[in-house]
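Asks: What follows is upload-v2.csv, CSV, C-alpha atoms.
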```csv
chain,number,residue,atom,x,y,z
A,478,MET,CA,-140.4,-46.4,-61.2
A,479,MET,CA,-136.7,-46.8,-60.4
A,480,ASP,CA,-135.8,-49.7,-58.1
A,481,GLU,CA,-135.0,-48.5,-54.5
A,482,ARG,CA,-131.5,-49.9,-54.6
A,483,GLU,CA,-130.6,-48.1,-57.8
A,484,LEU,CA,-132.3,-44.9,-56.5
A,485,LEU,CA,-130.2,-45.0,-53.3
A,486,ARG,CA,-127.0,-45.6,-55.3
A,487,ARG,CA,-127.8,-42.6,-57.5
A,488,ALA,CA,-128.9,-40.3,-54.7
A,489,LYS,CA,-125.4,-40.5,-53.3
A,490,GLN,CA,-124.1,-38.5,-56.3
A,491,ASP,CA,-127.1,-36.9,-58.0
A,492,LYS,CA,-129.4,-34.1,-56.6
A,493,LYS,CA,-132.3,-35.2,-58.9
A,494,ALA,CA,-132.2,-38.7,-57.5
A,495,LEU,CA,-132.0,-37.3,-54.0
A,496,GLU,CA,-135.1,-35.3,-54.7
A,497,GLU,CA,-136.9,-38.4,-56.0
A,498,LEU,CA,-135.9,-40.3,-52.9
A,499,VAL,CA,-137.3,-37.7,-50.6
A,500,LYS,CA,-140.5,-37.4,-52.7
A,501,ARG,CA,-140.9,-41.2,-52.7
A,502,TYR,CA,-141.0,-41.4,-48.9
A,503,ALA,CA,-142.1,-38.0,-47.8
A,504,LYS,CA,-145.8,-38.8,-47.6
A,505,ARG,CA,-145.3,-42.1,-45.7
A,506,LEU,CA,-142.9,-40.6,-43.2
A,507,TYR,CA,-144.9,-37.4,-42.7
A,508,PHE,CA,-148.2,-39.2,-41.9
A,509,ALA,CA,-146.4,-41.8,-39.8
A,510,THR,CA,-144.8,-39.0,-37.8
A,511,LEU,CA,-148.2,-37.3,-37.5
A,512,ALA,CA,-149.7,-40.5,-36.1
A,513,LEU,CA,-147.0,-40.6,-33.5
A,514,VAL,CA,-146.7,-36.9,-32.5
A,515,GLY,CA,-150.3,-35.9,-33.1
A,516,ASP,CA,-149.5,-32.4,-34.3
A,517,GLU,CA,-149.2,-31.3,-37.9
A,518,ASN,CA,-146.4,-28.7,-37.4
A,519,ASP,CA,-144.3,-31.0,-35.3
A,520,ALA,CA,-144.8,-33.8,-37.8
A,521,TRP,CA,-143.7,-31.5,-40.6
A,522,ASP,CA,-140.6,-30.4,-38.7
A,523,ILE,CA,-139.6,-33.8,-37.2
A,524,SER,CA,-140.1,-35.8,-40.4
A,525,GLN,CA,-137.9,-33.3,-42.3
A,526,GLU,CA,-135.2,-33.4,-39.7
A,527,ALA,CA,-135.2,-37.2,-40.0
A,528,PHE,CA,-134.7,-36.9,-43.7
A,529,VAL,CA,-131.8,-34.4,-43.2
A,530,ARG,CA,-130.1,-36.8,-40.7
A,531,VAL,CA,-130.4,-39.8,-42.9
A,532,LEU,CA,-129.4,-38.0,-46.0
A,533,ARG,CA,-126.2,-36.6,-44.3
A,534,ASN,CA,-125.3,-40.3,-43.7
A,535,LEU,CA,-126.4,-41.5,-47.1
A,536,LYS,CA,-123.0,-42.6,-48.2
A,537,ARG,CA,-122.8,-45.0,-45.3
A,538,ILE,CA,-126.2,-46.7,-46.0
A,539,ASP,CA,-126.1,-50.2,-47.3
A,540,GLU,CA,-128.2,-50.2,-50.5
A,541,ASN,CA,-129.1,-53.8,-49.9
A,542,ARG,CA,-131.0,-53.0,-46.8
A,543,GLY,CA,-134.3,-51.2,-46.8
A,544,PHE,CA,-134.2,-47.4,-46.7
A,545,TYR,CA,-137.6,-46.8,-45.0
A,546,PRO,CA,-136.8,-48.6,-41.8
A,547,TYR,CA,-133.7,-46.4,-41.3
A,548,LEU,CA,-135.7,-43.3,-42.0
A,549,TYR,CA,-138.6,-44.4,-39.7
A,550,ARG,CA,-136.3,-45.2,-36.8
A,551,THR,CA,-134.5,-41.9,-37.1
A,552,MET,CA,-137.8,-40.1,-37.0
A,553,ARG,CA,-138.8,-42.2,-34.0
A,554,ASN,CA,-135.6,-41.4,-32.1
A,555,LEU,CA,-136.2,-37.7,-32.7
A,556,VAL,CA,-139.7,-38.0,-31.4
A,557,LEU,CA,-138.5,-39.8,-28.3
A,558,LYS,CA,-135.7,-37.3,-27.8
A,559,ARG,CA,-138.1,-34.4,-27.9
A,560,GLY,CA,-140.5,-36.3,-25.7
A,561,LYS,CA,-143.5,-34.2,-26.9
A,562,THR,CA,-146.6,-35.8,-28.2
A,563,LYS,CA,-150.2,-34.5,-28.4
A,564,GLU,CA,-153.6,-35.9,-29.2
A,565,GLY,CA,-154.2,-35.9,-32.9
A,566,PHE,CA,-154.3,-37.8,-36.1
A,567,ALA,CA,-154.3,-37.1,-39.8
A,568,GLU,CA,-157.5,-36.0,-41.5
A,569,LEU,CA,-159.4,-39.0,-42.9
A,570,GLU,CA,-161.6,-39.6,-45.9
A,571,VAL,CA,-163.3,-42.6,-47.6
A,572,SER,CA,-161.0,-44.7,-49.6
A,573,SER,CA,-163.4,-44.9,-52.6
A,574,PRO,CA,-166.4,-42.7,-53.4
A,575,GLU,CA,-168.8,-45.6,-53.5
A,576,GLU,CA,-168.1,-46.6,-49.9
A,577,GLU,CA,-171.0,-46.6,-47.6
A,578,LEU,CA,-169.1,-44.9,-44.8
A,579,GLU,CA,-169.7,-41.7,-46.6
A,580,ARG,CA,-171.1,-40.0,-43.5
A,581,LYS,CA,-168.8,-37.3,-42.6
A,582,GLU,CA,-169.7,-37.6,-38.9
A,583,LYS,CA,-168.6,-41.2,-38.8
A,584,ILE,CA,-165.2,-40.4,-40.3
A,585,GLU,CA,-164.8,-37.6,-37.8
A,586,GLU,CA,-165.7,-39.8,-35.0
A,587,VAL,CA,-163.1,-42.4,-36.0
A,588,ARG,CA,-160.5,-39.6,-36.3
A,589,ARG,CA,-161.5,-38.2,-32.9
A,590,VAL,CA,-161.1,-41.7,-31.3
A,591,LEU,CA,-157.8,-42.4,-33.0
A,592,SER,CA,-156.5,-39.0,-31.9
A,593,SER,CA,-157.2,-39.8,-28.3
A,594,LEU,CA,-155.3,-43.1,-28.3
A,595,PRO,CA,-151.8,-43.2,-26.8
A,596,PRO,CA,-149.0,-42.5,-29.3
A,597,GLU,CA,-147.8,-46.1,-29.5
A,598,ALA,CA,-151.3,-47.3,-30.2
A,599,ARG,CA,-151.8,-44.7,-32.9
A,600,GLU,CA,-148.5,-45.6,-34.4
A,601,ILE,CA,-149.2,-49.4,-34.7
A,602,ILE,CA,-152.7,-48.8,-35.9
A,603,TYR,CA,-151.4,-46.4,-38.6
A,604,LEU,CA,-148.7,-48.9,-39.8
A,605,ARG,CA,-151.2,-51.7,-40.0
A,606,HIS,CA,-154.4,-50.1,-41.2
A,607,PHE,CA,-153.2,-47.1,-43.2
A,608,GLU,CA,-149.9,-48.3,-44.6
A,609,GLY,CA,-151.3,-51.9,-44.8
A,610,LEU,CA,-148.0,-53.4,-43.7
A,611,PRO,CA,-147.7,-57.1,-42.7
A,612,TYR,CA,-146.5,-57.9,-39.1
A,613,ARG,CA,-143.0,-58.8,-40.5
A,614,LYS,CA,-142.6,-55.3,-42.0
A,615,ILE,CA,-143.9,-53.6,-38.9
A,616,ALA,CA,-141.5,-55.6,-36.8
A,617,GLU,CA,-138.6,-54.6,-39.1
A,618,ILE,CA,-139.5,-50.9,-39.0
A,619,LEU,CA,-140.0,-50.7,-35.2
A,620,GLY,CA,-137.1,-53.0,-34.5
A,621,ILE,CA,-139.2,-55.4,-32.3
A,622,PRO,CA,-140.2,-59.1,-32.5
A,623,GLU,CA,-143.3,-60.0,-34.5
A,624,GLY,CA,-144.9,-61.3,-31.3
A,625,THR,CA,-144.6,-57.8,-29.8
A,626,VAL,CA,-146.3,-56.4,-32.9
A,627,MET,CA,-149.1,-58.9,-32.5
A,628,SER,CA,-149.6,-58.0,-28.8
A,629,ARG,CA,-149.3,-54.2,-29.3
A,630,LEU,CA,-151.7,-54.2,-32.2
A,631,HIS,CA,-154.2,-56.3,-30.3
A,632,HIS,CA,-154.1,-54.0,-27.3
A,633,ALA,CA,-154.4,-50.9,-29.5
A,634,ARG,CA,-157.4,-52.3,-31.3
A,635,LYS,CA,-159.0,-53.2,-28.0
A,636,LYS,CA,-158.7,-49.6,-26.9
A,637,LEU,CA,-160.0,-48.3,-30.2
A,638,LEU,CA,-163.0,-50.7,-30.1
A,639,LYS,CA,-163.8,-49.7,-26.5
A,640,LEU,CA,-163.7,-46.0,-27.3
A,641,LEU,CA,-165.8,-46.5,-30.5
A,642,GLU,CA,-168.4,-48.5,-28.5
A,643,GLU,CA,-168.5,-45.8,-25.8
A,644,ASN,CA,-169.1,-43.2,-28.5
A,645,GLU,CA,-171.9,-45.2,-30.0
A,646,THR,CA,-173.7,-45.6,-26.7
A,647,SER,CA,-173.3,-42.0,-25.5
B,894,MET,CA,-161.1,-71.3,-19.9
B,895,ARG,CA,-158.1,-69.3,-21.2
B,896,HIS,CA,-159.0,-67.1,-24.2
B,897,PRO,CA,-156.3,-66.7,-26.8
B,898,GLU,CA,-157.2,-63.0,-27.3
B,899,GLU,CA,-153.9,-61.8,-28.7
B,900,LEU,CA,-154.0,-64.5,-31.2
B,901,LEU,CA,-157.5,-63.5,-32.4
B,902,SER,CA,-156.2,-60.2,-33.8
B,903,ALA,CA,-153.4,-62.0,-35.7
B,904,TYR,CA,-156.0,-64.6,-36.8
B,905,ALA,CA,-158.3,-62.0,-38.2
B,906,ASP,CA,-155.3,-60.5,-40.1
B,907,GLY,CA,-154.3,-63.9,-41.5
B,908,GLU,CA,-150.9,-63.6,-39.8
B,909,LEU,CA,-150.9,-66.8,-37.9
B,910,PRO,CA,-148.9,-69.9,-38.8
B,911,GLN,CA,-151.0,-73.0,-39.7
B,912,ASP,CA,-150.7,-74.7,-36.3
B,913,LYS,CA,-151.8,-71.6,-34.3
B,914,ARG,CA,-154.6,-71.0,-36.8
B,915,ARG,CA,-155.9,-74.4,-36.2
B,916,GLU,CA,-155.6,-73.9,-32.4
B,917,VAL,CA,-157.7,-70.7,-32.6
B,918,GLU,CA,-160.3,-72.3,-34.9
B,919,GLU,CA,-160.7,-75.2,-32.4
B,920,HIS,CA,-161.1,-72.7,-29.6
B,921,LEU,CA,-163.7,-70.7,-31.6
B,922,LYS,CA,-165.9,-73.7,-32.0
B,923,ILE,CA,-166.4,-73.9,-28.2
B,924,CYS,CA,-166.1,-70.3,-27.1
B,925,GLU,CA,-168.9,-67.8,-27.6
B,926,HIS,CA,-166.8,-65.0,-26.0
B,927,CYS,CA,-164.0,-65.3,-28.5
B,928,ARG,CA,-166.4,-65.6,-31.4
B,929,ARG,CA,-167.9,-62.2,-30.3
B,930,GLU,CA,-164.4,-60.7,-30.0
B,931,LEU,CA,-163.6,-61.9,-33.5
B,932,GLU,CA,-166.8,-60.3,-34.9
B,933,LYS,CA,-165.8,-57.0,-33.3
B,934,LEU,CA,-162.4,-57.2,-34.8
B,935,LYS,CA,-163.9,-57.9,-38.2
B,936,LYS,CA,-166.3,-55.0,-37.8
B,937,LEU,CA,-163.3,-52.7,-37.0
B,938,GLU,CA,-161.5,-54.0,-40.0
B,939,GLY,CA,-164.6,-53.2,-42.1
B,940,ILE,CA,-164.5,-49.6,-40.9
B,941,MET,CA,-160.8,-49.1,-41.2
B,942,GLY,CA,-160.8,-50.6,-44.6
B,943,LYS,CA,-163.1,-47.9,-45.9
B,944,ILE,CA,-161.0,-45.0,-44.8
B,945,LYS,CA,-157.6,-43.5,-45.6
B,946,VAL,CA,-155.6,-40.5,-44.7
B,947,LYS,CA,-156.4,-37.4,-46.6
B,948,ASP,CA,-153.5,-36.3,-48.7
B,949,LEU,CA,-152.1,-32.8,-48.6
B,950,GLU,CA,-152.0,-30.5,-51.6
B,951,GLU,CA,-149.3,-31.4,-54.2
B,952,GLU,CA,-147.8,-28.0,-53.8
B,953,LEU,CA,-147.0,-28.7,-50.2
B,954,TRP,CA,-145.0,-31.8,-51.1
B,955,ARG,CA,-142.9,-29.6,-53.4
B,956,VAL,CA,-142.3,-27.2,-50.6
B,957,TYR,CA,-141.4,-30.2,-48.4
B,958,TRP,CA,-138.5,-31.3,-50.6
B,959,LYS,CA,-137.2,-27.8,-50.9
B,960,SER,CA,-137.3,-27.4,-47.2
B,961,VAL,CA,-135.4,-30.6,-46.7
B,962,TYR,CA,-132.8,-29.6,-49.2
B,963,ASN,CA,-132.5,-26.1,-47.7
B,964,ARG,CA,-131.9,-27.6,-44.3
B,965,ILE,CA,-129.1,-29.8,-45.6
B,966,GLU,CA,-127.6,-26.8,-47.4
B,967,ARG,CA,-127.8,-24.6,-44.3
B,968,GLY,CA,-126.0,-27.3,-42.3
B,969,VAL,CA,-123.0,-27.1,-44.8
B,970,GLY,CA,-123.2,-23.3,-44.8
B,971,TRP,CA,-123.0,-23.1,-41.1
B,972,ILE,CA,-119.9,-25.3,-41.0
B,973,LEU,CA,-118.1,-23.2,-43.7
B,974,PHE,CA,-119.1,-20.0,-42.1
B,975,SER,CA,-117.9,-21.1,-38.7
B,976,LEU,CA,-114.6,-22.4,-40.1
B,977,GLY,CA,-114.1,-19.0,-41.8
B,978,MET,CA,-114.9,-17.2,-38.6
B,979,ILE,CA,-112.5,-19.3,-36.6
B,980,ILE,CA,-109.7,-18.4,-39.0
B,981,LEU,CA,-110.6,-14.7,-39.1
B,982,LEU,CA,-111.1,-14.4,-35.4
B,983,SER,CA,-107.9,-16.2,-34.6
B,984,TRP,CA,-105.9,-14.0,-36.8
B,985,GLY,CA,-107.8,-10.8,-35.7
B,986,GLY,CA,-107.5,-12.0,-32.1
B,987,ILE,CA,-103.7,-12.4,-32.3
B,988,GLU,CA,-103.4,-9.0,-33.8
B,989,LEU,CA,-105.6,-7.5,-31.2
B,990,LEU,CA,-103.7,-9.2,-28.4
B,991,LYS,CA,-100.4,-8.0,-29.8
B,992,SER,CA,-101.6,-4.4,-29.9
B,993,VAL,CA,-103.3,-4.5,-26.5
B,994,PHE,CA,-100.3,-6.0,-24.8
B,995,SER,CA,-97.8,-3.6,-26.4
B,996,ASP,CA,-99.9,-0.7,-25.2
B,997,THR,CA,-98.8,0.1,-21.6
B,998,THR,CA,-101.6,2.6,-21.1
B,999,ILE,CA,-104.3,-0.1,-21.1
B,1000,PRO,CA,-105.1,-1.4,-17.6
B,1001,LEU,CA,-104.4,-5.0,-16.9
B,1002,LEU,CA,-108.1,-5.8,-16.2
B,1003,VAL,CA,-109.1,-4.6,-19.7
B,1004,LYS,CA,-106.3,-6.8,-21.2
B,1005,ILE,CA,-107.6,-9.8,-19.3
B,1006,GLY,CA,-111.1,-8.9,-20.6
B,1007,VAL,CA,-109.9,-8.8,-24.2
B,1008,VAL,CA,-108.0,-12.1,-23.9
B,1009,SER,CA,-111.0,-14.0,-22.5
B,1010,THR,CA,-113.4,-12.5,-25.1
B,1011,VAL,CA,-111.2,-13.6,-28.0
B,1012,PHE,CA,-110.6,-17.0,-26.6
B,1013,GLY,CA,-114.2,-17.4,-25.6
B,1014,LEU,CA,-115.4,-16.7,-29.2
B,1015,VAL,CA,-112.9,-19.1,-30.7
B,1016,VAL,CA,-113.9,-21.9,-28.3
B,1017,LEU,CA,-117.6,-21.3,-29.1
B,1018,LEU,CA,-117.1,-21.4,-32.8
B,1019,VAL,CA,-114.9,-24.6,-32.6
B,1020,SER,CA,-117.7,-26.1,-30.5
B,1021,VAL,CA,-120.3,-25.2,-33.2
B,1022,VAL,CA,-118.3,-26.8,-35.9
B,1023,ARG,CA,-117.5,-29.9,-33.9
B,1024,GLU,CA,-121.2,-30.3,-33.1
B,1025,ARG,CA,-122.2,-29.9,-36.7
B,1026,ILE,CA,-119.6,-32.3,-38.0
B,1027,TRP,CA,-119.9,-35.0,-35.3
B,1028,ILE,CA,-123.6,-34.7,-34.5
B,1029,SER,CA,-124.4,-37.7,-36.6
B,1030,ARG,CA,-121.9,-39.9,-34.7
B,1031,ASP,CA,-123.9,-39.3,-31.5
B,1032,ASP,CA,-127.3,-40.2,-33.0
B,1033,LYS,CA,-128.6,-43.7,-32.7
B,1034,TYR,CA,-129.4,-43.8,-36.4
B,1035,SER,CA,-125.7,-43.5,-37.4
B,1036,ARG,CA,-124.7,-46.3,-35.0
B,1037,GLU,CA,-127.3,-48.4,-36.7
B,1038,VAL,CA,-126.0,-47.7,-40.2
B,1039,GLU,CA,-122.6,-48.7,-39.1
B,1040,LYS,CA,-123.7,-52.1,-37.8
```
Represent the structure contained in this file as structure tokens.
Replies:
Amino acid sequence: MMDERELLRRAKQDKKALEELVKRYAKRLYFATLALVGDENDAWDISQEAFVRVLRNLKRIDENRGFYPYLYRTMRNLVLKRGKTKEGFAELEVSSPEEELERKEKIEEVRRVLSSLPPEAREIIYLRHFEGLPYRKIAEILGIPEGTVMSRLHHARKKLLKLLEENETS
Amino acid sequence: MRHPEELLSAYADGELPQDKRREVEEHLKICEHCRRELEKLKKLEGIMGKIKVKDLEEELWRVYWKSVYNRIERGVGWILFSLGMIILLSWGGIELLKSVFSDTTIPLLVKIGVVSTVFGLVVLLVSVVRERIWISRDDKYSREVEK
């Protein structure tokens, strides 16, 4: 796979490289947007609009700085500007077929609970648990200090745990 | 006793520096409440570690790229179209104004109507072009790129 810096440099002149750049980050950005807005159609539309805005400015992007944080923050600004979020989360499945958590109802329950969390909580849970990012990377993407990541993540998990426990007892 | 709850999450994630980790470990030795909290966090990690988001069909990702590209292309198309329209309308407008003003049979009110229509259209088109070209300068992302 081509190094990100090289890909960015080429994407400034070459349509094929531009296509590769979009394809490389499309899934990440789409699912991250979905975690934030909670609606598939809105996520499809807003994530694409974020790409369009970033790619229009591609020539001004410093290749030595990460591309994804720019892209992510553009998407986030668009979401904030539209100010419309709903309950929702991406469809989930077991990460490997051997996993015990095979039961479809359990996965659906987790999805339901994730969907009902506030957008900021869904966002940070998504970045940590589904993208598997370290705090440093999350802080870079969201443009906040690591301490804030720690605290937001903790509160999001507390809410998630509370809702899962309530579901178990009901 | 003050519980270092926020630190527990980071501790479970292995994200604490050495000194804070030791601090949490010391606290865990004497605090039943925090040990239970940590257990819950680990259980949650156990659940989340076994699931992932379900990918969309590959065909949809091809459509995604095409859609992004079409949007970029459309943006350029709109600028060119609007520029062309400004030129044509300006020329056509001047011609129209010349003929309307040289015709003494047309009432003054109609002449005023023609003038405001022509100028209104030109102003609208200039505004579309300006918005398309300079939209990026107003968005937060661009300011960040320029930093």
Asks: Using all atoms listed in the file, which of A:Val626, A:Ile602, A:Val571, A:Ala488 sits nearest chain B?
Replies: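 The shortest atom-to-atom distance to chain B comes from A:Val571.
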Asks: One decimal, Å: what's the distance from CA of Lys935 in chain B over to CA of Glu898 in chain B, could you say?
Replies: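 One can read the CA of Lys935 in chain B to CA of Glu898 in chain B distance as 13.8 Å.
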Asks: Extract, using all atoms listed in the file, all DNA, RNA and protein residues at most 12 Å from Ala512 in chain A, discarding same-chain residues fewer than 2 positions from it, and format them as a VMD selection string.
Replies: (chain A and resid 505 to 510 514 to 517 519 to 521 524 552 to 553 556 562 to 569 588 591 to 608) or (chain B and resid 946)
Asks: Work out how far apart CA of Glu918 in chain B and CA of Lys943 in chain B are and give it in Å to one decimal.
Replies: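 Those two atoms sit 26.9 Å apart.
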Asks: Restricting the calculation to all atoms listed in the file: of B:Ile965, B:Val956, B:Leu1014, B:Leu949, which residue gets closest to Leu532 in chain A?
Replies: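 For Leu532 in chain A, the nearest of the given residues is B:Ile965.
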Asks: Glu932 in chain B: which residues within 12 Å, counting all atoms listed in the file, same-chain residues fewer than 2 positions away excluded, as an MDAnalysis selection string?
Replies: (chainID A and resid 638) or (chainID B and resid 901:902 904:905 921 925:930 934:939)
Asks: Could the residues in this selection be written to a file with C-alpha atoms, as a PDB file, in the frame of the given file?
Replies:
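Wrote it out as out_17.pdb, contents follow:
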```
ATOM      1  CA  LEU A 638    -163.000 -50.700 -30.100  1.00  0.00           C
TER       2      LEU A 638
ATOM      3  CA  LEU B 901    -157.500 -63.500 -32.400  1.00  0.00           C
ATOM      4  CA  SER B 902    -156.200 -60.200 -33.800  1.00  0.00           C
ATOM      5  CA  TYR B 904    -156.000 -64.600 -36.800  1.00  0.00           C
ATOM      6  CA  ALA B 905    -158.300 -62.000 -38.200  1.00  0.00           C
ATOM      7  CA  LEU B 921    -163.700 -70.700 -31.600  1.00  0.00           C
ATOM      8  CA  GLU B 925    -168.900 -67.800 -27.600  1.00  0.00           C
ATOM      9  CA  HIS B 926    -166.800 -65.000 -26.000  1.00  0.00           C
ATOM     10  CA  CYS B 927    -164.000 -65.300 -28.500  1.00  0.00           C
ATOM     11  CA  ARG B 928    -166.400 -65.600 -31.400  1.00  0.00           C
ATOM     12  CA  ARG B 929    -167.900 -62.200 -30.300  1.00  0.00           C
ATOM     13  CA  GLU B 930    -164.400 -60.700 -30.000  1.00  0.00           C
ATOM     14  CA  LEU B 934    -162.400 -57.200 -34.800  1.00  0.00           C
ATOM     15  CA  LYS B 935    -163.900 -57.900 -38.200  1.00  0.00           C
ATOM     16  CA  LYS B 936    -166.300 -55.000 -37.800  1.00  0.00           C
ATOM     17  CA  LEU B 937    -163.300 -52.700 -37.000  1.00  0.00           C
ATOM     18  CA  GLU B 938    -161.500 -54.000 -40.000  1.00  0.00           C
ATOM     19  CA  GLY B 939    -164.600 -53.200 -42.100  1.00  0.00           C
TER      20      GLY B 939
END
```
Asks: Hey, could you make a per-residue contact list for chain A against chain B with 6 Å as the cut-off, showing the nearest pair of atoms and its distance in Å to one decimal, counting only C-alpha atoms, sorted by chain and number, as JSON lines?
Replies:
```
{"residue": "A:Gln525", "atom": "CA", "partner": "B:Val961", "partner_atom": "CA", "distance": 5.7}
{"residue": "A:Val529", "atom": "CA", "partner": "B:Ile965", "partner_atom": "CA", "distance": 5.8}
{"residue": "A:Ile538", "atom": "CA", "partner": "B:Val1038", "partner_atom": "CA", "distance": 5.9}
{"residue": "A:Thr551", "atom": "CA", "partner": "B:Tyr1034", "partner_atom": "CA", "distance": 5.5}
{"residue": "A:Glu568", "atom": "CA", "partner": "B:Lys947", "partner_atom": "CA", "distance": 5.4}
{"residue": "A:Leu569", "atom": "CA", "partner": "B:Val946", "partner_atom": "CA", "distance": 4.5}
{"residue": "A:Glu570", "atom": "CA", "partner": "B:Ile944", "partner_atom": "CA", "distance": 5.5}
{"residue": "A:Val571", "atom": "CA", "partner": "B:Ile944", "partner_atom": "CA", "distance": 4.3}
{"residue": "A:Ser572", "atom": "CA", "partner": "B:Ile944", "partner_atom": "CA", "distance": 4.8}
{"residue": "A:Ser628", "atom": "CA", "partner": "B:Glu899", "partner_atom": "CA", "distance": 5.7}
{"residue": "A:His631", "atom": "CA", "partner": "B:Ser902", "partner_atom": "CA", "distance": 5.6}
```
Asks: Point out the residue among B:Ile1005, B:His896, B:Pro910, B:Leu973 with the least atom-to-atom distance to Val1022 in chain B, counting all atoms listed in the file.
Replies: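 That would be B:Leu973, the residue with the smallest distance to Val1022 in chain B.
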Asks: Would you work out the distance separating CA of Arg915 in chain B from CA of Ile621 in chain A, expressed in Å to one decimal?
Replies: 25.6 Å
Asks: Looking at B:Trp971, B:Gly1006, B:Val1015, B:Asp996, which one is nearest to Ser983 in chain B, with distances taken over all atoms listed in the file?
Replies: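 For Ser983 in chain B, the nearest of the given residues is B:Val1015.
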